[in-house]
Structure formats: C-alpha cells, structure tokens
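So this one's run_27.pdb, PDB, C-alpha atoms, pLDDT in the B column:
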ATOM      1  CA  MET V 689      24.707   5.516 -33.054  1.00 39.00           C
ATOM      2  CA  GLU V 690      21.942   5.131 -35.607  1.00 47.00           C
ATOM      3  CA  ASN V 691      18.755   7.026 -34.818  1.00 48.00           C
ATOM      4  CA  ASN V 692      15.675   4.961 -35.641  1.00 50.00           C
ATOM      5  CA  ASN V 693      13.237   7.570 -34.343  1.00 52.00           C
ATOM      6  CA  PHE V 694      12.963   9.550 -37.541  1.00 52.00           C
ATOM      7  CA  PRO V 695      10.674  12.625 -37.310  1.00 55.00           C
ATOM      8  CA  PRO V 696       7.492  13.053 -39.411  1.00 65.00           C
ATOM      9  CA  VAL V 697       9.430  13.874 -42.579  1.00 77.00           C
ATOM     10  CA  ASN V 698       9.610  10.841 -44.872  1.00 83.00           C
ATOM     11  CA  PRO V 699      13.292  10.723 -45.927  1.00 89.00           C
ATOM     12  CA  GLU V 700      12.447   8.889 -49.136  1.00 91.00           C
ATOM     13  CA  ASN V 701      10.396  11.857 -50.355  1.00 92.00           C
ATOM     14  CA  VAL V 702      13.003  14.587 -49.806  1.00 95.00           C
ATOM     15  CA  HIS V 703      15.342  15.264 -52.729  1.00 97.00           C
ATOM     16  CA  PHE V 704      18.500  17.375 -52.531  1.00 98.00           C
ATOM     17  CA  ILE V 705      19.167  18.787 -56.004  1.00 98.00           C
ATOM     18  CA  LEU V 706      22.528  20.379 -56.847  1.00 98.00           C
ATOM     19  CA  VAL V 707      22.567  22.457 -60.026  1.00 98.00           C
ATOM     20  CA  GLU V 708      25.825  22.229 -61.984  1.00 97.00           C
ATOM     21  CA  PRO V 709      28.133  21.721 -58.993  1.00 96.00           C
ATOM     22  CA  PHE V 710      31.723  22.572 -59.931  1.00 96.00           C
ATOM     23  CA  SER V 711      33.688  20.917 -57.131  1.00 95.00           C
ATOM     24  CA  PRO V 712      33.690  17.123 -56.696  1.00 96.00           C
ATOM     25  CA  GLY V 713      34.682  17.719 -53.085  1.00 96.00           C
ATOM     26  CA  ASN V 714      31.546  19.741 -52.456  1.00 96.00           C
ATOM     27  CA  VAL V 715      29.393  16.989 -53.933  1.00 98.00           C
ATOM     28  CA  GLY V 716      31.090  14.400 -51.749  1.00 98.00           C
ATOM     29  CA  ALA V 717      30.696  16.510 -48.613  1.00 97.00           C
ATOM     30  CA  ALA V 718      27.039  17.143 -49.489  1.00 97.00           C
ATOM     31  CA  ALA V 719      26.495  13.386 -49.834  1.00 98.00           C
ATOM     32  CA  ARG V 720      27.977  12.881 -46.369  1.00 97.00           C
ATOM     33  CA  ALA V 721      25.708  15.571 -44.909  1.00 97.00           C
ATOM     34  CA  ILE V 722      22.629  14.041 -46.513  1.00 97.00           C
ATOM     35  CA  LYS V 723      23.376  10.529 -45.273  1.00 96.00           C
ATOM     36  CA  THR V 724      24.281  11.727 -41.768  1.00 96.00           C
ATOM     37  CA  MET V 725      20.778  13.160 -41.398  1.00 94.00           C
ATOM     38  CA  GLY V 726      19.122   9.986 -42.676  1.00 94.00           C
ATOM     39  CA  PHE V 727      18.391  11.041 -46.265  1.00 96.00           C
ATOM     40  CA  SER V 728      19.491   9.353 -49.484  1.00 96.00           C
ATOM     41  CA  LYS V 729      18.137  11.218 -52.517  1.00 97.00           C
ATOM     42  CA  LEU V 730      20.920  13.243 -54.167  1.00 98.00           C
ATOM     43  CA  TRP V 731      20.060  14.491 -57.652  1.00 98.00           C
ATOM     44  CA  LEU V 732      22.548  16.337 -59.845  1.00 98.00           C
ATOM     45  CA  ILE V 733      22.065  18.683 -62.806  1.00 98.00           C
ATOM     46  CA  ASN V 734      24.985  18.654 -65.281  1.00 97.00           C
ATOM     47  CA  PRO V 735      27.492  17.914 -62.520  1.00 97.00           C
ATOM     48  CA  CYS V 736      31.252  17.651 -62.347  1.00 96.00           C
ATOM     49  CA  ASP V 737      32.705  14.152 -61.918  1.00 95.00           C
ATOM     50  CA  HIS V 738      30.749  13.200 -58.807  1.00 96.00           C
ATOM     51  CA  LEU V 739      32.375   9.766 -58.686  1.00 96.00           C
ATOM     52  CA  SER V 740      35.945  11.079 -58.666  1.00 96.00           C
ATOM     53  CA  GLU V 741      38.497  10.298 -55.970  1.00 96.00           C
ATOM     54  CA  ASP V 742      38.051  13.764 -54.433  1.00 96.00           C
ATOM     55  CA  ALA V 743      34.291  13.300 -54.193  1.00 96.00           C
ATOM     56  CA  ARG V 744      34.615   9.845 -52.644  1.00 96.00           C
ATOM     57  CA  LYS V 745      37.231  11.048 -50.172  1.00 96.00           C
ATOM     58  CA  LEU V 746      34.974  13.771 -48.773  1.00 96.00           C
ATOM     59  CA  ALA V 747      31.894  11.560 -48.880  1.00 96.00           C
ATOM     60  CA  HIS V 748      33.509   9.382 -46.161  1.00 93.00           C
ATOM     61  CA  ALA V 749      31.309   6.319 -45.755  1.00 93.00           C
ATOM     62  CA  SER V 750      28.631   7.885 -47.966  1.00 96.00           C
ATOM     63  CA  GLU V 751      29.888   6.626 -51.307  1.00 96.00           C
ATOM     64  CA  ASP V 752      26.569   4.854 -51.823  1.00 97.00           C
ATOM     65  CA  ILE V 753      24.849   8.253 -51.997  1.00 97.00           C
ATOM     66  CA  LEU V 754      27.216   9.281 -54.799  1.00 97.00           C
ATOM     67  CA  GLU V 755      26.831   6.007 -56.662  1.00 97.00           C
ATOM     68  CA  ASN V 756      23.034   6.162 -56.520  1.00 97.00           C
ATOM     69  CA  ALA V 757      22.791   9.852 -57.376  1.00 97.00           C
ATOM     70  CA  ARG V 758      20.544  10.568 -60.357  1.00 97.00           C
ATOM     71  CA  VAL V 759      21.911  12.861 -63.062  1.00 98.00           C
ATOM     72  CA  PHE V 760      19.688  15.125 -65.177  1.00 98.00           C
ATOM     73  CA  ALA V 761      20.329  17.407 -68.127  1.00 97.00           C
ATOM     74  CA  SER V 762      18.065  20.198 -66.845  1.00 96.00           C
ATOM     75  CA  LEU V 763      16.313  21.364 -63.695  1.00 97.00           C
ATOM     76  CA  PRO V 764      12.771  21.158 -65.172  1.00 95.00           C
ATOM     77  CA  GLU V 765      13.403  17.496 -65.995  1.00 96.00           C
ATOM     78  CA  ALA V 766      14.368  16.771 -62.389  1.00 97.00           C
ATOM     79  CA  LEU V 767      11.375  18.634 -60.961  1.00 96.00           C
ATOM     80  CA  ALA V 768       8.700  16.935 -63.063  1.00 92.00           C
ATOM     81  CA  ASP V 769       7.240  14.798 -60.251  1.00 93.00           C
ATOM     82  CA  MET V 770       7.892  17.187 -57.358  1.00 95.00           C
ATOM     83  CA  HIS V 771       4.993  18.600 -55.326  1.00 91.00           C
ATOM     84  CA  PHE V 772       6.845  21.333 -53.411  1.00 91.00           C
ATOM     85  CA  VAL V 773      10.061  22.960 -54.669  1.00 94.00           C
ATOM     86  CA  VAL V 774      12.245  25.281 -52.591  1.00 95.00           C
ATOM     87  CA  ALA V 775      15.147  27.197 -54.119  1.00 95.00           C
ATOM     88  CA  THR V 776      17.970  28.130 -51.757  1.00 95.00           C
ATOM     89  CA  THR V 777      19.514  31.545 -52.364  1.00 89.00           C
ATOM     90  CA  ASN V 778      21.332  34.238 -50.413  1.00 80.00           C
ATOM     91  CA  ARG V 779      20.462  37.066 -52.780  1.00 69.00           C
ATOM     92  CA  VAL V 780      17.408  39.285 -53.051  1.00 62.00           C
ATOM     93  CA  ARG V 781      15.955  38.685 -56.502  1.00 58.00           C
ATOM     94  CA  GLU V 782      13.786  40.732 -58.822  1.00 60.00           C
ATOM     95  CA  TYR V 783      11.019  38.139 -58.659  1.00 60.00           C
ATOM     96  CA  ARG V 784       9.940  37.863 -55.030  1.00 67.00           C
ATOM     97  CA  MET V 785       8.452  34.570 -53.922  1.00 75.00           C
ATOM     98  CA  PRO V 786       7.458  33.253 -50.507  1.00 76.00           C
ATOM     99  CA  THR V 787      10.698  33.072 -48.502  1.00 84.00           C
ATOM    100  CA  PHE V 788      11.406  30.807 -45.544  1.00 89.00           C
ATOM    101  CA  THR V 789      14.204  30.124 -43.092  1.00 92.00           C
ATOM    102  CA  PRO V 790      15.588  26.566 -43.020  1.00 94.00           C
ATOM    103  CA  GLU V 791      13.470  25.843 -39.925  1.00 92.00           C
ATOM    104  CA  GLU V 792      10.323  27.082 -41.670  1.00 90.00           C
ATOM    105  CA  VAL V 793      11.173  24.962 -44.699  1.00 91.00           C
ATOM    106  CA  GLY V 794      11.455  21.963 -42.401  1.00 90.00           C
ATOM    107  CA  SER V 795       8.004  22.622 -40.932  1.00 86.00           C
ATOM    108  CA  ARG V 796       6.435  22.958 -44.384  1.00 85.00           C
ATOM    109  CA  ILE V 797       8.105  19.760 -45.500  1.00 85.00           C
ATOM    110  CA  ALA V 798       6.882  17.932 -42.396  1.00 84.00           C
ATOM    111  CA  GLN V 799       3.332  18.810 -43.477  1.00 80.00           C
ATOM    112  CA  ILE V 800       3.800  17.680 -47.067  1.00 80.00           C
ATOM    113  CA  ALA V 801       6.527  15.033 -47.259  1.00 66.00           C
ATOM    114  CA  PRO V 802       4.773  12.008 -45.713  1.00 73.00           C
ATOM    115  CA  GLU V 803       3.012  11.406 -49.043  1.00 79.00           C
ATOM    116  CA  HIS V 804       4.497  13.918 -51.500  1.00 88.00           C
ATOM    117  CA  ASN V 805       7.817  14.631 -53.212  1.00 93.00           C
ATOM    118  CA  ILE V 806       9.889  17.578 -52.003  1.00 94.00           C
ATOM    119  CA  ALA V 807      12.845  19.212 -53.768  1.00 96.00           C
ATOM    120  CA  LEU V 808      15.473  21.422 -52.147  1.00 98.00           C
ATOM    121  CA  VAL V 809      17.396  23.099 -54.959  1.00 98.00           C
ATOM    122  CA  PHE V 810      20.944  24.389 -54.473  1.00 98.00           C
ATOM    123  CA  GLY V 811      22.676  26.616 -57.022  1.00 95.00           C
ATOM    124  CA  ARG V 812      26.175  26.808 -58.436  1.00 95.00           C
ATOM    125  CA  GLU V 813      29.041  27.543 -56.061  1.00 91.00           C
ATOM    126  CA  GLN V 814      29.964  30.821 -57.757  1.00 89.00           C
ATOM    127  CA  SER V 815      26.733  32.176 -59.212  1.00 88.00           C
ATOM    128  CA  GLY V 816      23.858  30.334 -57.544  1.00 92.00           C
ATOM    129  CA  LEU V 817      20.604  29.806 -59.430  1.00 94.00           C
ATOM    130  CA  THR V 818      19.581  31.815 -62.473  1.00 92.00           C
ATOM    131  CA  ASN V 819      16.371  33.851 -62.485  1.00 88.00           C
ATOM    132  CA  ASP V 820      14.861  31.358 -64.928  1.00 89.00           C
ATOM    133  CA  GLU V 821      15.631  28.510 -62.529  1.00 93.00           C
ATOM    134  CA  LEU V 822      14.133  30.434 -59.626  1.00 90.00           C
ATOM    135  CA  ARG V 823      10.931  31.075 -61.568  1.00 87.00           C
ATOM    136  CA  ILE V 824      10.115  27.378 -61.741  1.00 89.00           C
ATOM    137  CA  CYS V 825      10.391  26.950 -57.965  1.00 91.00           C
ATOM    138  CA  GLN V 826       7.518  27.609 -55.570  1.00 87.00           C
ATOM    139  CA  ALA V 827       9.424  29.242 -52.731  1.00 88.00           C
ATOM    140  CA  THR V 828      12.877  30.439 -51.742  1.00 91.00           C
ATOM    141  CA  SER V 829      14.883  30.004 -48.581  1.00 93.00           C
ATOM    142  CA  SER V 830      17.907  31.770 -47.135  1.00 91.00           C
ATOM    143  CA  ILE V 831      20.144  30.956 -44.191  1.00 91.00           C
ATOM    144  CA  PRO V 832      20.299  33.897 -41.756  1.00 88.00           C
ATOM    145  CA  ALA V 833      23.892  35.008 -41.160  1.00 84.00           C
ATOM    146  CA  ALA V 834      25.701  37.729 -39.225  1.00 82.00           C
ATOM    147  CA  ILE V 835      27.541  38.912 -42.338  1.00 78.00           C
ATOM    148  CA  ASN V 836      26.943  38.611 -46.073  1.00 73.00           C
ATOM    149  CA  HIS V 837      30.506  37.690 -47.006  1.00 73.00           C
ATOM    150  CA  PRO V 838      31.952  35.133 -46.848  1.00 71.00           C
ATOM    151  CA  SER V 839      28.892  32.953 -47.306  1.00 78.00           C
ATOM    152  CA  LEU V 840      28.527  29.266 -46.481  1.00 87.00           C
ATOM    153  CA  ASN V 841      29.771  26.873 -49.121  1.00 92.00           C
ATOM    154  CA  LEU V 842      27.527  24.417 -50.926  1.00 95.00           C
ATOM    155  CA  ALA V 843      28.078  21.428 -48.650  1.00 95.00           C
ATOM    156  CA  GLN V 844      27.598  23.528 -45.505  1.00 96.00           C
ATOM    157  CA  ALA V 845      24.280  24.816 -46.827  1.00 96.00           C
ATOM    158  CA  VAL V 846      23.150  21.271 -47.638  1.00 97.00           C
ATOM    159  CA  MET V 847      24.047  20.218 -44.084  1.00 97.00           C
ATOM    160  CA  ILE V 848      21.923  22.985 -42.541  1.00 96.00           C
ATOM    161  CA  TYR V 849      18.863  22.116 -44.628  1.00 97.00           C
ATOM    162  CA  ALA V 850      19.326  18.384 -44.071  1.00 96.00           C
ATOM    163  CA  TYR V 851      19.365  18.970 -40.317  1.00 95.00           C
ATOM    164  CA  ALA V 852      16.343  21.293 -40.516  1.00 94.00           C
ATOM    165  CA  CYS V 853      14.403  18.586 -42.352  1.00 92.00           C
ATOM    166  CA  TYR V 854      15.570  15.844 -39.992  1.00 91.00           C
ATOM    167  CA  ASN V 855      14.533  17.910 -36.965  1.00 89.00           C
ATOM    168  CA  ALA V 856      11.268  19.155 -38.489  1.00 81.00           C
ATOM    169  CA  ARG V 857       7.829  19.011 -36.955  1.00 69.00           C
ATOM    170  CA  PRO V 858       4.596  20.138 -38.633  1.00 62.00           C
ATOM    171  CA  GLY V 859       3.706  22.366 -35.668  1.00 60.00           C
ATOM    172  CA  ASN V 860       0.046  23.322 -35.428  1.00 54.00           C
ATOM    173  CA  ALA V 861      -0.576  23.045 -39.164  1.00 55.00           C
ATOM    174  CA  PRO V 862      -2.296  19.911 -40.502  1.00 58.00           C
ATOM    175  CA  VAL V 863      -0.372  17.283 -42.401  1.00 58.00           C
ATOM    176  CA  TYR V 864      -1.434  17.188 -46.068  1.00 59.00           C
ATOM    177  CA  GLU V 865      -3.361  13.988 -46.703  1.00 63.00           C
ATOM    178  CA  TRP V 866      -4.798  14.836 -50.110  1.00 71.00           C
ATOM    179  CA  GLU V 867      -3.271  14.530 -53.566  1.00 78.00           C
ATOM    180  CA  LEU V 868      -1.190  17.601 -54.341  1.00 84.00           C
ATOM    181  CA  ALA V 869      -0.528  18.619 -57.934  1.00 88.00           C
ATOM    182  CA  ASN V 870       3.024  17.955 -59.070  1.00 86.00           C
ATOM    183  CA  HIS V 871       5.391  20.410 -60.745  1.00 88.00           C
ATOM    184  CA  VAL V 872       4.384  19.597 -64.328  1.00 90.00           C
ATOM    185  CA  GLN V 873       0.700  19.917 -63.474  1.00 90.00           C
ATOM    186  CA  THR V 874       1.056  23.305 -61.767  1.00 91.00           C
ATOM    187  CA  GLU V 875       3.323  24.651 -64.513  1.00 89.00           C
ATOM    188  CA  SER V 876       0.632  23.733 -67.043  1.00 93.00           C
ATOM    189  CA  VAL V 877      -1.717  26.147 -65.250  1.00 93.00           C
ATOM    190  CA  TYR V 878       0.668  29.065 -65.765  1.00 91.00           C
ATOM    191  CA  THR V 879       1.113  28.194 -69.442  1.00 93.00           C
ATOM    192  CA  HIS V 880      -2.666  27.961 -69.916  1.00 95.00           C
ATOM    193  CA  LEU V 881      -3.202  31.242 -68.049  1.00 94.00           C
ATOM    194  CA  GLU V 882      -0.882  33.169 -70.346  1.00 93.00           C
ATOM    195  CA  ALA V 883      -2.350  31.614 -73.504  1.00 93.00           C
ATOM    196  CA  THR V 884      -5.903  32.419 -72.399  1.00 92.00           C
ATOM    197  CA  MET V 885      -5.129  35.987 -71.369  1.00 92.00           C
ATOM    198  CA  ARG V 886      -3.373  36.623 -74.674  1.00 91.00           C
ATOM    199  CA  GLN V 887      -6.489  35.424 -76.505  1.00 90.00           C
ATOM    200  CA  LEU V 888      -8.468  38.006 -74.542  1.00 88.00           C
ATOM    201  CA  ASP V 889      -6.010  40.698 -75.705  1.00 89.00           C
ATOM    202  CA  PHE V 890      -4.985  41.288 -72.114  1.00 89.00           C
ATOM    203  CA  VAL V 891      -1.755  43.286 -71.785  1.00 88.00           C
ATOM    204  CA  PRO V 892       0.125  43.289 -68.446  1.00 88.00           C
ATOM    205  CA  HIS V 893       1.112  46.729 -67.223  1.00 86.00           C
ATOM    206  CA  ASP V 894       4.760  45.636 -66.935  1.00 85.00           C
ATOM    207  CA  SER V 895       5.607  42.242 -68.501  1.00 88.00           C
ATOM    208  CA  TRP V 896       4.240  38.740 -68.942  1.00 88.00           C
ATOM    209  CA  ASP V 897       7.003  37.328 -66.740  1.00 86.00           C
ATOM    210  CA  ARG V 898       6.025  39.578 -63.843  1.00 84.00           C
ATOM    211  CA  PHE V 899       2.324  38.887 -64.357  1.00 88.00           C
ATOM    212  CA  ILE V 900       2.823  35.114 -64.315  1.00 88.00           C
ATOM    213  CA  MET V 901       5.102  35.355 -61.272  1.00 83.00           C
ATOM    214  CA  ARG V 902       2.444  37.263 -59.332  1.00 85.00           C
ATOM    215  CA  PHE V 903      -0.111  34.565 -60.146  1.00 88.00           C
ATOM    216  CA  LYS V 904       2.421  31.861 -59.287  1.00 85.00           C
ATOM    217  CA  ARG V 905       2.975  33.411 -55.849  1.00 81.00           C
ATOM    218  CA  LEU V 906      -0.765  33.411 -55.237  1.00 84.00           C
ATOM    219  CA  PHE V 907      -1.432  29.916 -56.570  1.00 83.00           C
ATOM    220  CA  GLY V 908       1.698  28.373 -55.070  1.00 77.00           C
ATOM    221  CA  ARG V 909       0.859  29.487 -51.535  1.00 75.00           C
ATOM    222  CA  ALA V 910      -2.295  27.365 -51.716  1.00 77.00           C
ATOM    223  CA  ASN V 911      -0.374  24.095 -52.264  1.00 79.00           C
ATOM    224  CA  PRO V 912      -2.983  23.195 -54.912  1.00 87.00           C
ATOM    225  CA  GLU V 913      -4.428  19.733 -55.184  1.00 86.00           C
ATOM    226  CA  LEU V 914      -4.726  17.968 -58.527  1.00 88.00           C
ATOM    227  CA  ARG V 915      -8.464  18.678 -58.556  1.00 89.00           C
ATOM    228  CA  ASP V 916      -7.708  22.400 -58.033  1.00 91.00           C
ATOM    229  CA  VAL V 917      -5.522  22.369 -61.130  1.00 92.00           C
ATOM    230  CA  GLN V 918      -8.250  20.600 -63.101  1.00 92.00           C
ATOM    231  CA  LEU V 919     -10.814  23.171 -61.972  1.00 93.00           C
ATOM    232  CA  ILE V 920      -8.602  26.102 -62.998  1.00 93.00           C
ATOM    233  CA  HIS V 921      -8.101  24.508 -66.420  1.00 93.00           C
ATOM    234  CA  LYS V 922     -11.893  24.192 -66.786  1.00 93.00           C
ATOM    235  CA  ILE V 923     -12.273  27.904 -66.062  1.00 93.00           C
ATOM    236  CA  PHE V 924      -9.630  28.788 -68.637  1.00 93.00           C
ATOM    237  CA  GLN V 925     -11.195  26.396 -71.156  1.00 92.00           C
ATOM    238  CA  ALA V 926     -14.547  28.145 -70.737  1.00 91.00           C
ATOM    239  CA  MET V 927     -12.825  31.469 -71.419  1.00 91.00           C
ATOM    240  CA  ASP V 928     -11.080  29.978 -74.471  1.00 90.00           C
ATOM    241  CA  LEU V 929     -14.417  28.768 -75.847  1.00 89.00           C
ATOM    242  CA  TYR V 930     -16.010  32.148 -75.148  1.00 86.00           C
ATOM    243  CA  VAL V 931     -13.395  33.787 -77.367  1.00 86.00           C
ATOM    244  CA  LYS V 932     -13.576  31.074 -80.027  1.00 84.00           C
ATOM    245  CA  TYR V 933     -17.360  31.195 -80.393  1.00 82.00           C
ATOM    246  CA  GLY V 934     -17.745  34.932 -80.067  1.00 76.00           C
ATOM    247  CA  GLY V 935     -19.398  35.072 -76.683  1.00 64.00           C
ATOM    248  CA  LYS V 936     -20.821  31.546 -76.582  1.00 53.00           C
ATOM    249  CA  THR V 937     -19.080  28.798 -74.688  1.00 49.00           C
ATOM    250  CA  GLY V 938     -20.156  26.020 -77.044  1.00 47.00           C
ATOM    251  CA  GLU V 939     -21.012  22.695 -75.483  1.00 50.00           C
ATOM    252  CA  LYS V 940     -21.855  22.594 -71.825  1.00 48.00           C
ATOM    253  CA  GLN V 941     -18.757  21.896 -69.740  1.00 46.00           C
ATOM    254  CA  SER V 942     -19.035  19.514 -66.818  1.00 46.00           C
ATOM    255  CA  GLU V 943     -17.557  20.563 -63.509  1.00 45.00           C
ATOM    256  CA  VAL V 944     -14.609  18.651 -62.063  1.00 46.00           C
ATOM    257  CA  PRO V 945     -16.120  16.091 -59.675  1.00 48.00           C
ATOM    258  CA  GLU V 946     -15.364  16.611 -56.017  1.00 48.00           C
ATOM    259  CA  LYS V 947     -13.394  13.963 -54.169  1.00 46.00           C
ATOM    260  CA  GLU V 948     -14.879  12.954 -50.872  1.00 39.00           C
TER     261      GLU V 948
END
For the structure just supplied, provide its representation as structure tokens.
Amino acid sequence: MENNNFPPVNPENVHFILVEPFSPGNVGAAARAIKTMGFSKLWLINPCDHLSEDARKLAHASEDILENARVFASLPEALADMHFVVATTNRVREYRMPTFTPEEVGSRIAQIAPEHNIALVFGREQSGLTNDELRICQATSSIPAAINHPSLNLAQAVMIYAYACYNARPGNAPVYEWELANHVQTESVYTHLEATMRQLDFVPHDSWDRFIMRFKRLFGRANPELRDVQLIHKIFQAMDLYVKYGGKTGEKQSEVPEKE
C-alpha cells in the first residue's frame, strides 16, 4: 500500500550518491531500497553498468530509478549544489568530523531538507571512500553493529539510511527556513582561508590539511547561511588588503547587508 503521509523530509531534496559501485546488482538493489522508502534521486560516480540485466533484475519494479539516475565523473561535481553532505563509513579515519547514527542523520535532514539539498554519500564496496572524498563532506555516519566483520553490503546500508530519512522527525530543533550556503560556496571559504593565512606567513603546527579540517569541523557545525559565507569572505578580503597595502586596508569595505 502506498503511504501518502510522508514525514517532514522532502524526498525530492535527498540524494543517494554511490561512488564507483562495482556490482550492478548492488546498484539495482539500492534503487529498490530508495524507491520503497519514497525517494527517487540516485546519483552515480563512475559506476558499473547500472542499466544491465543484473541491475534491473534486483531493482524489481524500480527500473525507473535506474533509468533516471544521474552519472557524474567526480564526487565534487555531484556535490556542487548540495547544502548538507554526509559520508557513510564504518572505519575510524585520521580526519575526525562530526559523526552521526542513521537516526541522527535523519533528524538533521528533517531540519534541513524541506528547502535544501541533502547528499548521502556511499563508498565503494571493497574500499569505501578515500580520505580526499571524506574531506569534502561535512559529516560522517556509521551504522552501529554487534560485530565489525562481516559488514553490511552497499544496498543494505542504503536501505537503512533510506528508512532513517523516511522515518525522520526534526525533534525539538527548528527547521531551517533561511538560505544555507551550498557545497561550492562553503568550499570557497576553506580555499580563501588557506590563501589568506599563507599570505600572513602562518605555518600550521602539523599540516595545512589538518588545519583546514579543524576549521571545516567548526564552520560546518554551524550550517552556515549564504550571508555567513559572504561575511567570512569580507573578513579574509580585509586581511588580504592589509597584507597588500602594508598595514592599510585600502578602500573602505562595506559590510554584508543583513537579511531581515
């Protein structure tokens, strides 16, 4: 029976992104899981043949999800217009980011997804996501399990997150009604930060990657609005001008106007 009482999450704004899936069967089963929970956005990064007979067989009445799946050459390309990006992983990584359970991810998405684009990123069947791919996400999520091995396969993981999103409620937190910055806009802040700090001859005590990741954790937790990004750029621009003019900031810079 079709459920027309969809929870607060807007299904059109939730994107399930599979990075270089190897098995057509897994892609087909993931498509079935997505459609069963009322979602439709399946995006693929350098996939196997997702329209093969094996994929269609396991999709089972979800072939439309496969046929409408968008294919991208790289993860950054797919994330360009996303406002909140969660990487799924079952490994502890060197770069620690905010980490949520599937249920917590669902609650966060319920706050954001009514008006903003969400990406749930799933890694390769054998090796998961690379550290570079994780760095461009805002948070990570793991599925609690009694044992570490064997782990859930790709399609099973997609099913759990699809259900968590379908069943999500925002809880006591407010739903975001303002304009959040998208992935490209927030990434531009990190690029500007590094360029400005290098001009100031700042040297991180460990590495630039670690320094930027620490700032990304801080900034990402705020779910910055577009005007927040613009304000941060203004601050960095003032610092850039200070260096360029030897202690003078040049022309007076106007503050980013507040939105009522």
V:Ala719 environment, 9 Å, only C-alpha atoms, sequence neighbours closer than 2 positions dropped, as a list in words: Asn714, Val715, Gly716, Ala717, Ala721, Ile722, Lys723, Thr724, Ser728, Leu730, Ala743, Leu746, Ala747, His748, Ser750, Glu751, Asp752, Ile753, Leu754, Ala843 and Val846 of chain V
Selection result of the PyMOL selection byres ((chain V and resi 888) around 12) on this file, as a ChimeraX atom specification: /V:881-887,889-892,924,927-932,934-935
Would you mind exporting C-alpha atoms of the selected residues as a PDB file, in the coordinates of the input?
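Printed below is out.pdb as written:
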ATOM      1  CA  LEU V 881      -3.202  31.242 -68.049  1.00 94.00           C
ATOM      2  CA  GLU V 882      -0.882  33.169 -70.346  1.00 93.00           C
ATOM      3  CA  ALA V 883      -2.350  31.614 -73.504  1.00 93.00           C
ATOM      4  CA  THR V 884      -5.903  32.419 -72.399  1.00 92.00           C
ATOM      5  CA  MET V 885      -5.129  35.987 -71.369  1.00 92.00           C
ATOM      6  CA  ARG V 886      -3.373  36.623 -74.674  1.00 91.00           C
ATOM      7  CA  GLN V 887      -6.489  35.424 -76.505  1.00 90.00           C
ATOM      8  CA  ASP V 889      -6.010  40.698 -75.705  1.00 89.00           C
ATOM      9  CA  PHE V 890      -4.985  41.288 -72.114  1.00 89.00           C
ATOM     10  CA  VAL V 891      -1.755  43.286 -71.785  1.00 88.00           C
ATOM     11  CA  PRO V 892       0.125  43.289 -68.446  1.00 88.00           C
ATOM     12  CA  PHE V 924      -9.630  28.788 -68.637  1.00 93.00           C
ATOM     13  CA  MET V 927     -12.825  31.469 -71.419  1.00 91.00           C
ATOM     14  CA  ASP V 928     -11.080  29.978 -74.471  1.00 90.00           C
ATOM     15  CA  LEU V 929     -14.417  28.768 -75.847  1.00 89.00           C
ATOM     16  CA  TYR V 930     -16.010  32.148 -75.148  1.00 86.00           C
ATOM     17  CA  VAL V 931     -13.395  33.787 -77.367  1.00 86.00           C
ATOM     18  CA  LYS V 932     -13.576  31.074 -80.027  1.00 84.00           C
ATOM     19  CA  GLY V 934     -17.745  34.932 -80.067  1.00 76.00           C
ATOM     20  CA  GLY V 935     -19.398  35.072 -76.683  1.00 64.00           C
TER      21      GLY V 935
END
Contacts of stretch 794-808 of chain V at 10 Å (all atoms listed in the file; same-chain gap of 4+ positions) as number ranges by chain: V: 695-706, 729, 731, 766-767, 769-776, 788-790, 825, 827-829, 846, 849-871, 911
Nearest to V:Val872 by atom-to-atom distance, counting all atoms listed in the file, from V:Ile923, V:Leu739, V:Leu914, V:Val707: V:Leu914
Between atom CA of V:Arg720 and atom CA of V:Leu842 - distance in Å to one decimal: 12.4 Å
Residue nearest V:Leu919 - candidates V:Ala718, V:Val759, V:Met901, V:Val877, atoms counted: only C-alpha atoms: V:Val877
Output check: residues returned by the PyMOL selection byres ((chain V and resi 818) around 12), as a list in words: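 Applying the PyMOL selection byres ((chain V and resi 818) around 12) to the structure shown produces Val707, Glu708, Leu763, Ala775, Thr776, Thr777, Arg779, Arg781, Glu782, Tyr783, Val809, Phe810, Gly811, Arg812, Gln814, Ser815, Gly816, Leu817, Asn819, Asp820, Glu821, Leu822, Arg823, Ile824 and Cys825 of chain V.
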Best match for closeness to V:Glu813 among V:Ala834, V:Ala761, V:Ile920, V:Leu840, counting all atoms listed in the file: V:Leu840
